[in-house]
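Asker: The file below is entry_5.txt, compact mmCIF, C-alpha atoms:
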# COMPACT_ATOMS: atom_id res chain seq x y z
CA MET A 1 -8.10 -2.25 -23.91
CA GLN A 2 -10.72 -4.99 -23.39
CA ARG A 3 -8.78 -7.32 -25.68
CA THR A 4 -5.55 -6.67 -23.74
CA LEU A 5 -7.34 -7.43 -20.49
CA LEU A 6 -8.81 -10.61 -21.97
CA TYR A 7 -5.38 -11.81 -23.10
CA LEU A 8 -3.92 -10.96 -19.69
CA ILE A 9 -6.62 -13.09 -18.03
CA ILE A 10 -5.90 -15.94 -20.48
CA GLU A 11 -2.15 -15.69 -19.71
CA LEU A 12 -2.84 -15.75 -15.97
CA ALA A 13 -5.23 -18.71 -16.28
CA ILE A 14 -2.71 -20.79 -18.26
CA TYR A 15 0.07 -19.82 -15.83
CA ALA A 16 -2.10 -20.71 -12.80
CA ALA A 17 -3.04 -24.10 -14.32
CA LEU A 18 0.59 -24.98 -15.09
CA VAL A 19 1.75 -23.84 -11.64
CA SER A 20 -0.99 -25.90 -9.93
CA LEU A 21 0.09 -29.00 -11.87
CA TYR A 22 3.70 -28.29 -10.91
CA LEU A 23 2.81 -27.91 -7.21
CA ALA A 24 0.66 -31.04 -7.22
CA PHE A 25 3.06 -33.36 -9.01
CA VAL A 26 6.67 -32.13 -8.99
CA LEU A 27 6.92 -30.50 -5.55
CA SER A 28 4.85 -33.10 -3.70
CA PHE A 29 7.07 -35.77 -5.29
CA LEU A 30 10.26 -33.99 -4.17
CA VAL A 31 9.19 -33.04 -0.67
CA ASP A 32 9.99 -36.32 1.16
CA TRP A 33 13.40 -36.57 -0.46
CA LEU A 34 14.17 -32.94 0.44
CA LYS A 35 13.08 -33.53 4.05
CA ASP A 36 15.46 -36.51 4.32
CA LEU A 37 18.27 -34.50 2.78
CA HIS A 38 17.58 -31.58 5.17
CA ALA A 39 17.84 -33.90 8.17
CA LYS A 40 20.83 -36.01 7.10
CA GLU A 41 22.97 -34.07 4.59
CA PRO A 42 22.76 -30.31 5.28
CA ALA A 43 25.60 -29.40 2.90
CA LEU A 44 24.07 -31.35 0.02
CA TYR A 45 20.63 -29.96 0.94
CA ALA A 46 22.02 -26.41 0.69
CA MET A 47 23.40 -27.08 -2.80
CA VAL A 48 20.22 -28.81 -4.00
CA ALA A 49 18.08 -26.00 -2.54
CA ILE A 50 19.93 -23.23 -4.36
CA LEU A 51 20.05 -25.20 -7.63
CA LEU A 52 16.31 -25.91 -7.42
CA MET A 53 15.57 -22.24 -6.83
CA ILE A 54 17.78 -21.07 -9.72
CA GLY A 55 16.40 -23.77 -12.03
CA GLN A 56 12.78 -22.96 -11.18
CA ALA A 57 13.39 -19.21 -11.62
CA ILE A 58 14.85 -19.73 -15.10
CA VAL A 59 12.04 -22.10 -16.15
CA LEU A 60 9.29 -19.78 -14.82
CA GLU A 61 10.86 -16.74 -16.46
CA ARG A 62 10.94 -18.60 -19.80
CA LEU A 63 7.38 -19.80 -19.26
CA VAL A 64 6.05 -16.28 -18.58
CA ALA A 65 8.01 -14.89 -21.54
CA SER A 66 6.63 -17.62 -23.85
CA LEU A 67 3.06 -17.02 -22.66
CA VAL A 68 3.38 -13.28 -23.27
CA HIS A 69 4.95 -13.92 -26.69
CA LEU A 70 2.24 -16.42 -27.65
CA THR A 71 -0.71 -14.26 -26.66
CA ARG A 72 0.88 -11.15 -28.20
CA ARG A 73 1.26 -13.02 -31.53
CA ARG A 74 -2.40 -14.00 -31.42
CA ARG A 75 -3.37 -10.41 -30.56
CA GLU A 76 -1.51 -9.14 -33.63
CA MET B 1 -0.61 -27.74 2.53
CA TYR B 2 1.84 -29.38 4.92
CA PHE B 3 5.52 -28.41 4.71
CA PRO B 4 7.42 -31.19 6.50
CA ILE B 5 10.86 -29.52 6.49
CA SER B 6 9.69 -26.73 8.83
CA GLY B 7 6.74 -28.76 10.15
CA VAL B 8 4.05 -26.17 9.46
CA HIS B 9 0.72 -26.03 7.61
CA LEU B 10 0.52 -23.00 5.30
CA ASN B 11 -1.96 -21.99 2.63
CA PRO B 12 -0.10 -22.13 -0.74
CA ILE B 13 -2.35 -19.41 -2.20
CA TYR B 14 -1.30 -17.08 0.64
CA LEU B 15 2.36 -17.82 -0.17
CA ILE B 16 1.84 -17.24 -3.90
CA VAL B 17 0.03 -13.92 -3.30
CA ILE B 18 2.75 -12.72 -0.89
CA GLY B 19 5.36 -13.79 -3.45
CA PHE B 20 3.53 -11.91 -6.20
CA LEU B 21 3.30 -8.66 -4.20
CA ILE B 22 6.93 -8.78 -3.12
CA GLY B 23 8.01 -9.77 -6.63
CA THR B 24 6.26 -6.73 -8.10
CA LEU B 25 7.84 -4.37 -5.54
CA GLY B 26 11.25 -5.98 -5.97
CA GLY B 27 11.18 -5.84 -9.76
CA PHE B 28 10.18 -2.18 -9.71
CA PHE B 29 12.40 -0.86 -6.90
CA GLY B 30 15.35 -3.28 -6.97
CA VAL B 31 14.87 -4.47 -3.41
CA GLY B 32 14.61 -7.97 -1.94
CA GLY B 33 11.43 -7.20 -0.02
CA SER B 34 12.43 -9.07 3.13
CA PHE B 35 10.93 -6.34 5.33
CA LEU B 36 7.50 -7.45 4.07
CA ALA B 37 8.10 -11.15 3.36
CA GLY B 38 9.68 -11.80 6.76
CA PRO B 39 6.73 -10.51 8.85
CA ALA B 40 4.25 -12.13 6.41
CA LEU B 41 5.87 -15.55 6.81
CA PHE B 42 6.15 -15.14 10.57
CA ALA B 43 2.50 -14.07 10.83
CA ALA B 44 1.50 -17.19 8.87
CA GLY B 45 3.15 -19.36 11.51
CA LEU B 46 6.61 -20.14 10.12
CA PRO B 47 9.14 -20.48 12.98
CA MET B 48 11.48 -17.48 13.23
CA ASN B 49 14.62 -19.53 12.52
CA PHE B 50 13.15 -20.52 9.14
CA VAL B 51 11.85 -17.05 8.23
CA VAL B 52 15.15 -15.34 7.30
CA GLY B 53 16.67 -18.28 5.39
CA THR B 54 13.48 -19.18 3.51
CA ASP B 55 12.92 -15.55 2.59
CA LEU B 56 16.49 -15.27 1.25
CA ALA B 57 15.97 -18.38 -0.91
CA HIS B 58 12.80 -16.87 -2.39
CA ILE B 59 14.65 -13.58 -3.00
CA VAL B 60 17.21 -15.45 -5.15
CA GLY B 61 14.52 -16.79 -7.50
CA LYS B 62 12.59 -13.52 -7.69
CA SER B 63 15.75 -11.51 -8.38
CA ILE B 64 16.77 -13.85 -11.23
CA VAL B 65 13.45 -13.24 -13.01
CA ALA B 66 13.54 -9.45 -12.41
CA ALA B 67 17.24 -9.15 -13.31
CA ARG B 68 16.73 -11.03 -16.60
CA THR B 69 13.99 -8.57 -17.54
CA HIS B 70 16.15 -5.60 -16.48
CA ARG B 71 19.04 -7.00 -18.53
CA VAL B 72 16.85 -7.04 -21.65
CA LEU B 73 15.96 -3.40 -20.86
CA GLY B 74 19.70 -2.54 -20.57
CA ASN B 75 19.44 -1.69 -16.86
CA ILE B 76 22.35 -3.76 -15.52
CA ASP B 77 25.94 -2.57 -15.12
CA LEU B 78 27.78 -5.90 -14.77
CA LYS B 79 31.13 -4.31 -13.82
CA LEU B 80 29.50 -2.34 -10.99
CA ALA B 81 27.55 -5.41 -9.84
CA ALA B 82 30.71 -7.56 -9.70
CA ILE B 83 32.48 -5.03 -7.45
CA MET B 84 29.42 -4.54 -5.26
CA VAL B 85 29.07 -8.28 -4.65
CA LEU B 86 32.51 -8.32 -2.99
CA GLY B 87 31.62 -5.40 -0.71
CA THR B 88 28.20 -6.78 0.16
CA ILE B 89 29.47 -10.23 1.11
CA ALA B 90 32.33 -8.73 3.17
CA GLY B 91 29.91 -6.30 4.85
CA SER B 92 27.32 -8.99 5.49
CA GLU B 93 29.91 -11.27 7.13
CA THR B 94 31.20 -8.34 9.22
CA GLY B 95 27.64 -7.47 10.24
CA VAL B 96 26.82 -11.04 11.29
CA GLN B 97 30.09 -11.45 13.23
CA ALA B 98 29.86 -7.99 14.83
CA ILE B 99 26.34 -8.57 16.04
CA GLU B 100 27.40 -11.86 17.68
CA VAL B 101 30.24 -10.08 19.53
CA LEU B 102 28.07 -7.10 20.50
CA LYS B 103 25.25 -9.34 21.74
CA LYS B 104 27.48 -10.51 24.58
CA LYS B 105 28.24 -6.94 25.70
CA ALA B 106 25.09 -4.86 25.34
CA ASP B 107 21.46 -4.77 24.37
CA VAL B 108 22.55 -4.60 20.76
CA ASP B 109 19.07 -5.22 19.30
CA LEU B 110 17.83 -2.05 20.94
CA VAL B 111 20.81 0.07 19.83
CA VAL B 112 20.87 -1.27 16.26
CA GLY B 113 17.08 -1.03 16.10
CA PHE B 114 17.01 2.64 17.11
CA VAL B 115 19.88 3.56 14.78
CA SER B 116 18.16 1.72 11.91
CA ILE B 117 14.83 3.45 12.56
CA ILE B 118 16.54 6.86 12.42
CA VAL B 119 18.55 5.95 9.29
CA PHE B 120 15.54 4.45 7.44
CA SER B 121 13.25 7.34 8.34
CA GLY B 122 15.96 9.76 7.17
CA ILE B 123 16.32 7.92 3.84
CA ALA B 124 12.53 7.89 3.35
CA LEU B 125 12.17 11.62 4.03
CA PHE B 126 15.18 12.45 1.87
CA CYS B 127 13.91 10.32 -1.06
CA ALA B 128 10.45 11.91 -0.81
CA TRP B 129 11.85 15.47 -0.75
CA GLU B 130 14.47 14.79 -3.44
CA GLY B 131 12.00 12.93 -5.70
CA MET B 132 9.47 15.79 -5.58
CA THR B 133 12.17 18.44 -6.18
CA ALA B 134 13.63 16.42 -9.08
CA ILE B 135 10.19 15.99 -10.68
CA ARG B 136 9.69 19.78 -10.53
CA LEU B 137 13.16 20.29 -12.08
CA TRP B 138 12.39 17.72 -14.78
CA GLN B 139 9.12 19.42 -15.64
CA ARG B 140 10.71 22.87 -15.69
CA ASN B 141 13.70 21.84 -17.85
CA GLU B 142 12.26 19.21 -20.17
CA GLY B 143 8.47 19.46 -20.06
CA GLY B 144 7.82 22.23 -22.56
CA ARG B 145 10.82 21.94 -24.84
CA ASN B 146 11.35 18.24 -25.28
CA PRO B 147 8.10 16.34 -25.51
CA GLY B 148 9.59 12.84 -25.66
CA PRO B 149 12.61 12.52 -23.39
CA SER B 150 13.97 9.06 -22.66
CA ARG B 151 12.55 7.82 -19.36
CA LYS B 152 16.03 6.59 -18.43
CA GLN B 153 17.40 10.15 -18.52
CA ASP B 154 17.84 10.96 -14.87
CA VAL B 155 17.49 14.22 -13.00
CA LEU B 156 18.83 14.55 -9.46
CA ALA B 157 17.97 17.43 -7.15
CA VAL B 158 21.14 16.76 -5.15
CA GLN B 159 24.14 16.05 -7.36
CA SER B 160 26.89 17.59 -5.25
CA LEU B 161 27.35 14.47 -3.10
CA SER B 162 27.95 12.07 -5.98
CA LYS B 163 30.13 14.63 -7.80
CA THR B 164 32.29 15.03 -4.67
CA ILE B 165 32.61 11.26 -4.28
CA GLN B 166 33.51 10.87 -7.97
CA LYS B 167 36.31 13.43 -7.44
CA ILE B 168 38.02 11.31 -4.74
CA LYS B 169 41.20 10.04 -6.38
CA LEU B 170 41.90 7.01 -4.23
CA PRO B 171 43.39 4.38 -6.58
CA PRO B 172 42.40 2.21 -8.32
CA ALA B 173 40.02 4.41 -10.30
CA ILE B 174 37.60 2.64 -12.60
CA SER B 175 35.22 3.75 -15.30
CA LEU B 176 31.60 2.66 -15.54
CA PRO B 177 30.63 3.56 -19.11
CA HIS B 178 27.28 1.77 -18.89
CA SER B 179 26.31 4.02 -15.97
CA GLY B 180 27.80 7.11 -17.64
CA ILE B 181 30.58 7.52 -15.03
CA GLY B 182 33.99 8.36 -16.43
CA SER B 183 36.01 7.68 -13.31
CA ILE B 184 35.26 6.68 -9.73
CA SER B 185 37.37 5.19 -6.96
CA PHE B 186 36.97 1.43 -6.53
CA TRP B 187 36.87 2.07 -2.77
CA ALA B 188 33.84 4.37 -3.01
CA ILE B 189 31.84 1.49 -4.56
CA MET B 190 33.23 -0.94 -1.99
CA PHE B 191 32.26 1.44 0.83
CA VAL B 192 28.64 1.77 -0.34
CA SER B 193 28.22 -1.99 -0.82
CA PHE B 194 30.03 -2.76 2.44
CA VAL B 195 27.70 -0.49 4.45
CA GLY B 196 24.69 -2.10 2.72
CA GLY B 197 26.14 -5.50 3.59
CA ILE B 198 26.54 -4.55 7.27
CA PHE B 199 22.85 -3.58 7.43
CA SER B 200 22.00 -6.85 5.69
CA GLY B 201 24.04 -8.77 8.29
CA PHE B 202 22.47 -6.83 11.19
CA LEU B 203 18.87 -6.98 10.06
CA GLY B 204 18.72 -9.95 7.67
CA GLY B 205 17.43 -9.69 4.09
CA GLY B 206 19.11 -7.88 1.22
CA ALA B 207 19.08 -4.27 2.58
CA GLY B 208 18.21 -3.00 -0.90
CA TYR B 209 16.43 -0.05 0.67
CA ILE B 210 19.85 1.22 1.79
CA ARG B 211 21.84 0.17 -1.29
CA MET B 212 19.55 1.40 -4.09
CA PRO B 213 19.37 5.04 -2.88
CA SER B 214 23.08 4.94 -1.94
CA MET B 215 23.95 3.95 -5.52
CA VAL B 216 21.90 6.86 -6.87
CA TYR B 217 22.82 9.61 -4.41
CA LEU B 218 26.37 8.66 -3.41
CA LEU B 219 27.76 7.05 -6.56
CA GLY B 220 25.67 8.93 -9.14
CA ILE B 221 24.26 5.81 -10.86
CA PRO B 222 21.09 6.50 -12.92
CA THR B 223 18.00 5.20 -11.09
CA HIS B 224 17.00 2.56 -13.68
CA ILE B 225 20.54 1.11 -13.71
CA ALA B 226 20.71 1.22 -9.89
CA VAL B 227 17.49 -0.83 -9.71
CA GLY B 228 18.65 -3.44 -12.27
CA THR B 229 22.22 -3.68 -10.95
CA ASP B 230 21.04 -4.00 -7.35
CA LEU B 231 18.79 -6.91 -8.34
CA PHE B 232 21.65 -8.64 -10.15
CA GLU B 233 23.88 -8.13 -7.14
CA ILE B 234 21.16 -9.47 -4.82
CA ILE B 235 21.16 -12.79 -6.76
CA ILE B 236 24.77 -13.42 -5.74
CA SER B 237 24.60 -12.11 -2.17
CA ALA B 238 21.24 -13.77 -1.40
CA SER B 239 22.51 -17.08 -2.89
CA TYR B 240 25.46 -16.91 -0.53
CA GLY B 241 23.12 -16.18 2.40
CA THR B 242 20.75 -18.98 1.38
CA ILE B 243 23.57 -21.55 1.29
CA ARG B 244 24.81 -20.42 4.71
CA HIS B 245 21.34 -20.59 6.26
CA ALA B 246 20.50 -23.90 4.51
CA MET B 247 23.64 -25.52 5.92
CA ASN B 248 22.38 -24.52 9.39
CA GLY B 249 19.03 -26.14 8.58
CA ASN B 250 17.12 -22.83 8.45
CA VAL B 251 15.70 -22.96 4.91
CA ASP B 252 12.42 -24.62 3.93
CA ILE B 253 13.06 -24.66 0.21
CA VAL B 254 9.59 -26.00 -0.63
CA ILE B 255 7.95 -22.90 0.90
CA ALA B 256 10.41 -20.68 -1.03
CA LEU B 257 9.65 -22.53 -4.29
CA VAL B 258 5.89 -22.09 -3.81
CA MET B 259 6.33 -18.35 -3.06
CA GLN B 260 8.52 -18.01 -6.12
CA THR B 261 5.75 -19.16 -8.49
CA GLY B 262 3.89 -15.93 -7.62
CA ALA B 263 7.05 -13.84 -7.38
CA ALA B 264 8.17 -14.81 -10.91
CA LEU B 265 5.06 -13.21 -12.37
CA GLY B 266 5.25 -10.15 -10.08
CA ALA B 267 8.96 -9.58 -10.68
CA ARG B 268 8.45 -9.52 -14.44
CA ILE B 269 5.55 -7.10 -14.15
CA GLY B 270 7.49 -4.86 -11.71
CA ALA B 271 10.62 -4.81 -13.88
CA ASN B 272 8.59 -3.98 -17.00
CA LEU B 273 6.76 -1.19 -15.15
CA THR B 274 10.06 0.74 -14.77
CA ARG B 275 9.81 1.47 -18.52
CA TYR B 276 6.87 3.77 -17.87
CA PHE B 277 8.38 5.81 -15.01
CA THR B 278 11.18 8.37 -14.92
CA GLY B 279 14.00 8.11 -12.33
CA PRO B 280 12.58 10.81 -10.00
CA ARG B 281 9.14 9.17 -9.99
CA ILE B 282 10.67 5.78 -9.11
CA ARG B 283 12.59 7.41 -6.25
CA LEU B 284 9.50 9.23 -5.00
CA ALA B 285 7.47 6.00 -5.06
CA PHE B 286 10.37 4.27 -3.29
CA ALA B 287 10.22 6.67 -0.31
CA PRO B 288 7.61 4.75 1.77
CA LEU B 289 9.64 1.50 1.61
CA PRO B 290 12.40 2.44 4.09
CA LEU B 291 9.65 3.86 6.30
CA LEU B 292 7.92 0.47 6.22
CA GLY B 293 11.27 -1.09 7.16
CA ALA B 294 11.47 1.31 10.14
CA VAL B 295 7.93 0.36 11.23
CA VAL B 296 8.80 -3.36 11.05
CA ILE B 297 11.91 -2.82 13.21
CA ALA B 298 9.91 -0.70 15.70
CA MET B 299 7.32 -3.48 15.97
CA LYS B 300 10.05 -6.09 16.49
CA LEU B 301 11.61 -3.95 19.24
CA LEU B 302 8.28 -3.39 20.96
CA SER B 303 7.39 -7.10 20.87
CA SER B 304 10.83 -8.22 22.14
CA HIS B 305 10.89 -5.66 24.99
CA HIS B 306 7.37 -6.39 26.15
CA PRO B 307 6.83 -9.16 28.68
Spell out the structure here as structure tokens.
Answerer:
Amino acid sequence: MQRTLLYLIIELAIYAALVSLYLAFVLSFLVDWLKDLHAKEPALYAMVAILLMIGQAIVLERLVASLVHLTRRRRE
Amino acid sequence: MYFPISGVHLNPIYLIVIGFLIGTLGGFFGVGGSFLAGPALFAAGLPMNFVVGTDLAHIVGKSIVAARTHRVLGNIDLKLAAIMVLGTIAGSETGVQAIEVLKKKADVDLVVGFVSIIVFSGIALFCAWEGMTAIRLWQRNEGGRNPGPSRKQDVLAVQSLSKTIQKIKLPPAISLPHSGIGSISFWAIMFVSFVGGIFSGFLGGGAGYIRMPSMVYLLGIPTHIAVGTDLFEIIISASYGTIRHAMNGNVDIVIALVMQTGAALGARIGANLTRYFTGPRIRLAFAPLPLLGAVVIAMKLLSSHHP
């Protein structure tokens, strides 16, 4: 039980670190471009917005699955 | 953190925590969670015109993560989801258009609000009663004799409604082998998804708290498959809603992306949690959600009718 909790905390810490890096670098880099697109090209903005959301969801789902897989392998 | 698209300062940790909570609920119950996310975003200071669109965008991402997990668990009926998408989009469009027409003629917010409060409270009470009765049935029938029943085996206290609907022979009839339904009218599925879509158009969000119980009680879909299929269907209908709102300039995608980092984790946890609960227990735990929806609508009505 304690080991499971420890691995859960490790998973969360790695996830939080990766997400912080993503917020700091990728999103802050994209934000000005997205603002311009929102103001000038609403149709293109709509397409980019939905693609970004789908892309991020797939990447995050893979990331969480890989973290769980990795820590489970170490646990075993 | 400053979000220049909507022009607001919001704490990203607040967004991630809200995303996580709603992701967990959504993954477990198969709902979008807009009745919680909407007020939470509004309370944080996001302008109302951005709340609905941004919330829908975040629902898309969260539902993808939860639906992928449910797919691995075998909880998605793709054929059912494909039909429901058509009904939901048609219903949602009808709801949006109808509300625009009605707005010119009457105090439609008040009427729709009161009807919704009654409907949601009714669903909540029914789910609570039915869930408790079904758990007692489950324990009486399975408890002693079969020590390890599959958690996906479903027990319903009220089966007559779905059996009657399955007997309607309005062509075309289709079979849903994944959901264990031999034959059901295409129009019965369309009706359920269309009504859900109308509520979604009236109130915003995905209206999963209408659709999920409707799939179980009216169509006879097992609870686990109703949860997974509803999430899959929400991906398509919420994507459509996101594009529509984004074209009107009402989506701050950066806020939605930040929320989704928390929701991805929550949605996976919520979807995996369904493995440890039987259908009746999921339905019983679901009961407070429509009630929360009713409270949110009541608060909206009170605030809009107060000077």
Asker: Which of these, A:Val48, A:Ala39, A:Leu21, A:Val68, has the shortest distance to Tyr7 in chain A once you count all atoms listed in the file?
Answerer: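 Among the listed residues, the smallest separation from Tyr7 in chain A belongs to A:Val68.
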Asker: Select all residues from chain A having any atom no more than 10 Å from an atom of chain B (counting all atoms listed in the file, ignoring ligands), output as a ChimeraX atom specification.
Answerer: /A:12,15-16,19-20,22-23,27-28,30-32,34-39,41-65
Asker: Which value, in Å to one decimal, gives the distance between CA of Ala128 in chain B and CA of Ala287 in chain B?
Answerer: 5.3 Å
Asker: Quick one: pull the distance between CA of Ala226 in chain B and CA of Val158 in chain B, Å, one decimal.
Answerer: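 Going from CA of Ala226 in chain B over to CA of Val158 in chain B, I get 16.3 Å.
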Asker: For Leu176 in chain B, find every residue with an atom within 8 Å (counting only C-alpha atoms), except residues of its own chain fewer than 4 positions away, and show them as a PDB file with C-alpha atoms, in the frame of the given file.
Answerer:
ATOM      1  CA  ASP B  77      25.940  -2.570 -15.120  1.00  0.00           C
ATOM      2  CA  LYS B  79      31.130  -4.310 -13.820  1.00  0.00           C
ATOM      3  CA  LEU B  80      29.500  -2.340 -10.990  1.00  0.00           C
ATOM      4  CA  GLY B 180      27.800   7.110 -17.640  1.00  0.00           C
ATOM      5  CA  ILE B 181      30.580   7.520 -15.030  1.00  0.00           C
ATOM      6  CA  GLY B 182      33.990   8.360 -16.430  1.00  0.00           C
ATOM      7  CA  SER B 183      36.010   7.680 -13.310  1.00  0.00           C
ATOM      8  CA  ILE B 184      35.260   6.680  -9.730  1.00  0.00           C
TER       9      ILE B 184
END
Asker: To one decimal in Å, tell me the separation between CA of Gly32 in chain B and CA of Pro213 in chain B.
Answerer: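 Atom-to-atom, CA of Gly32 in chain B to CA of Pro213 in chain B, that is 13.9 Å.
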Asker: Env of Leu292 in chain B: 12 Å cut, atoms = only C-alpha atoms, seq-sep filter 4 positions within chain, self excluded. Answer as number ranges by chain.
Answerer: B: 33-37, 39, 116-117, 120-121, 123-124, 209, 286-288, 296-299
Asker: Show which residues sit within 6 Å of range 94-100 of chain B, as a list in words. Count all atoms listed in the file, and ignore same-chain residues fewer than 2 positions away.
Answerer: Gly91, Ser92, Leu102, Lys103, Ile198, Gly201 and Phe202 of chain B
Asker: Store the residues picked out above, limited to C-alpha atoms, as a PDB file, in the coordinates of the input.
Answerer:
ATOM      1  CA  GLY B  91      29.910  -6.300   4.850  1.00  0.00           C
ATOM      2  CA  SER B  92      27.320  -8.990   5.490  1.00  0.00           C
ATOM      3  CA  LEU B 102      28.070  -7.100  20.500  1.00  0.00           C
ATOM      4  CA  LYS B 103      25.250  -9.340  21.740  1.00  0.00           C
ATOM      5  CA  ILE B 198      26.540  -4.550   7.270  1.00  0.00           C
ATOM      6  CA  GLY B 201      24.040  -8.770   8.290  1.00  0.00           C
ATOM      7  CA  PHE B 202      22.470  -6.830  11.190  1.00  0.00           C
TER       8      PHE B 202
END
Asker: With all atoms listed in the file as the basis for distance, which of B:Gly228, B:Gly19, B:Pro47, B:Gly122 is at the shortest distance from Thr274 in chain B?
Answerer: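 Looking only at the distances to Thr274 in chain B, the closest residue turns out to be B:Gly228.
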Asker: Give the answer as one residue: which of B:Ile269, B:Leu170, B:Trp138, B:Ala82 has the shortest atom-to-atom distance to Leu8 in chain A, using only C-alpha atoms?
Answerer: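 Checking each of B:Ile269, B:Leu170, B:Trp138, B:Ala82 against Leu8 in chain A, counting only C-alpha atoms, the winner is B:Ile269.
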Asker: From the list B:Thr133, B:Thr88, B:Thr54, B:Thr278, which residue is nearest Ser237 in chain B when using all atoms listed in the file?
Answerer: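 Between B:Thr133, B:Thr88, B:Thr54, B:Thr278, the residue approaching Ser237 in chain B most closely is B:Thr88.
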Asker: What lies within 9 Å of Phe194 in chain B using only C-alpha atoms, ignoring chain neighbours under 2 positions off, as a list in words?
Answerer: Met84, Leu86, Gly87, Thr88, Ile89, Ala90, Gly91, Ser92, Thr94, Ile189, Met190, Phe191, Val192, Gly196, Gly197, Ile198 and Phe199 of chain B
Asker: From (9.7, 5.7, -11.5), in the file's coordinates, out to 10 Å: which residues are reached, counting all atoms listed in the file? Answer as a PyMOL selection string.
Answerer: chain B and resi 28-29+131+151-152+223-224+273-286
